[in-house]
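Remarks on the structure that follows.
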Amino acid sequence: MDQRQINPILKTALEIGPVIAFFAAYLLVKDRSFTVFGQSYEGFILVTAGFIPLLLVCTGLLWALTGHLSRMQVVTAVLVVVFGGLSVWLNDDRFFKMKPTLIYLLFATALGIGLLRGESYLRSVMEGLMPLKPEGWMLLTKRVTALFLGLAVLNEVIWRTMSTESWVYFKTFGLTAGVFVFFMTQGGLFRKYALEQDEG
């Protein structure tokens, strides 16, 4: 596989830059509405319209520079185009807010199918980062599947019951923090099922 190394700061900027730009732009126009070709749009919709090409450009640059994109990056880009595009086209922010729910459900479903087949699809993605014994991968996969399902439900609750601003803060910081805290709490599993050097 053609996978090249690039500056880690540049890689991080390309991965999270669009999200930070979306958040900053939303704060600037959150209380404003704009008329485009006779149609009135809330600031959230226009920021979404700008986020779509920005994400595609950054994703394209990542692929050009590294020669590789993860499945999650590809799926995310596709869903951003589809649901972000629907939000802009129909002038309805609900479609874009549903996107994280679908992303988490898709990956929970994929991991769940692997578990039913007695396999850990998570292992094929993360084995280089966390060398674990097979039983460790299966247990971690079950927990990550549950995490994805929980985040999908939480996203639905937040966007359906709270303001757009609250959802933007949750999407930008809450989901990321949730995943970070989850992996921080898995230390016991990583220690118990760590793959020793002579077992590799």
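By order in the structure tokens, chains are A, B, ...; within a chain, residues start at 1; ligands start at 1, following the order shown.
Residue neighbourhood of range 118-120 of chain A, excluding near-sequence residues (fewer than 2 positions): Ala110, Leu111, Gly112, Ile113, Gly114, Leu115, Leu116, Leu122, Arg123, Ser124, Val125, Pro134, Glu135, Gly136, Trp137, Met138, Leu139, Leu140, Thr141 and Lys142 of chain A, at 10 Å, using only C-alpha atoms.
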Any chance you could tabulate, as JSON lines, the residues of range 83-121 of chain A at most 12 Å from range 174-188 of chain A with each one's nearest atom pair and distance in Å to one decimal, using only C-alpha atoms, in chain and rising number order?
```
{"residue": "A:Pro100", "atom": "CA", "partner": "A:Leu175", "partner_atom": "CA", "distance": 9.2}
{"residue": "A:Thr101", "atom": "CA", "partner": "A:Leu175", "partner_atom": "CA", "distance": 11.0}
{"residue": "A:Tyr104", "atom": "CA", "partner": "A:Leu175", "partner_atom": "CA", "distance": 10.7}
```
Residues from the last selection, N, CA, C and O atoms, saved as a short mmCIF file (atom, residue, chain, number, x, y, z; two decimals), in the first residue's frame:
```cif
data_model
loop_
_atom_site.label_atom_id
_atom_site.label_comp_id
_atom_site.auth_asym_id
_atom_site.auth_seq_id
_atom_site.Cartn_x
_atom_site.Cartn_y
_atom_site.Cartn_z
N PRO A 100 -23.79 12.66 12.48
CA PRO A 100 -23.02 11.87 13.45
C PRO A 100 -23.75 10.60 13.89
O PRO A 100 -23.11 9.57 14.09
N THR A 101 -25.06 10.69 14.02
CA THR A 101 -25.83 9.51 14.40
C THR A 101 -25.62 8.38 13.40
O THR A 101 -25.34 7.24 13.77
N TYR A 104 -21.99 6.88 13.53
CA TYR A 104 -21.77 5.96 14.65
C TYR A 104 -22.58 4.67 14.49
O TYR A 104 -22.09 3.59 14.84
#
```
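The residues of range 6-159 of chain A that DSSP assigns to strand (DSSP E or B) on this backbone come out as Ser33, Phe34, Thr35, Val36, Gln39, Ser40, Tyr41, Glu42 and Leu132 of chain A.
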message: What parts of range 17-175 of chain A does DSSP call helix (DSSP H, G or I)? I'd like the answer as a ChimeraX atom specification.
response: /A:17-29,43-66,71-90,94-116,121-126,134-161,164-175
message: For a test of reading the model, state the distance in Å between CA of Leu62 in chain A and CA of Ile6 in chain A, rounded to one decimal.
response: 9.1 Å
task: Could you give me, as number ranges by chain, the residues within 12 Å of Tyr169 in chain A, counting only C-alpha atoms and dropping anything in the same chain fewer than 4 positions from it?
output: A: 19-20, 22-24, 26-27, 155, 158-159, 162-165, 173-177
task: Give me, please, the distance in Å between CA of Leu106 in chain A and CA of Val57 in chain A, quoted to one decimal.
output: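 CA of Val57 in chain A lies at a distance of 23.8 Å from CA of Leu106 in chain A.
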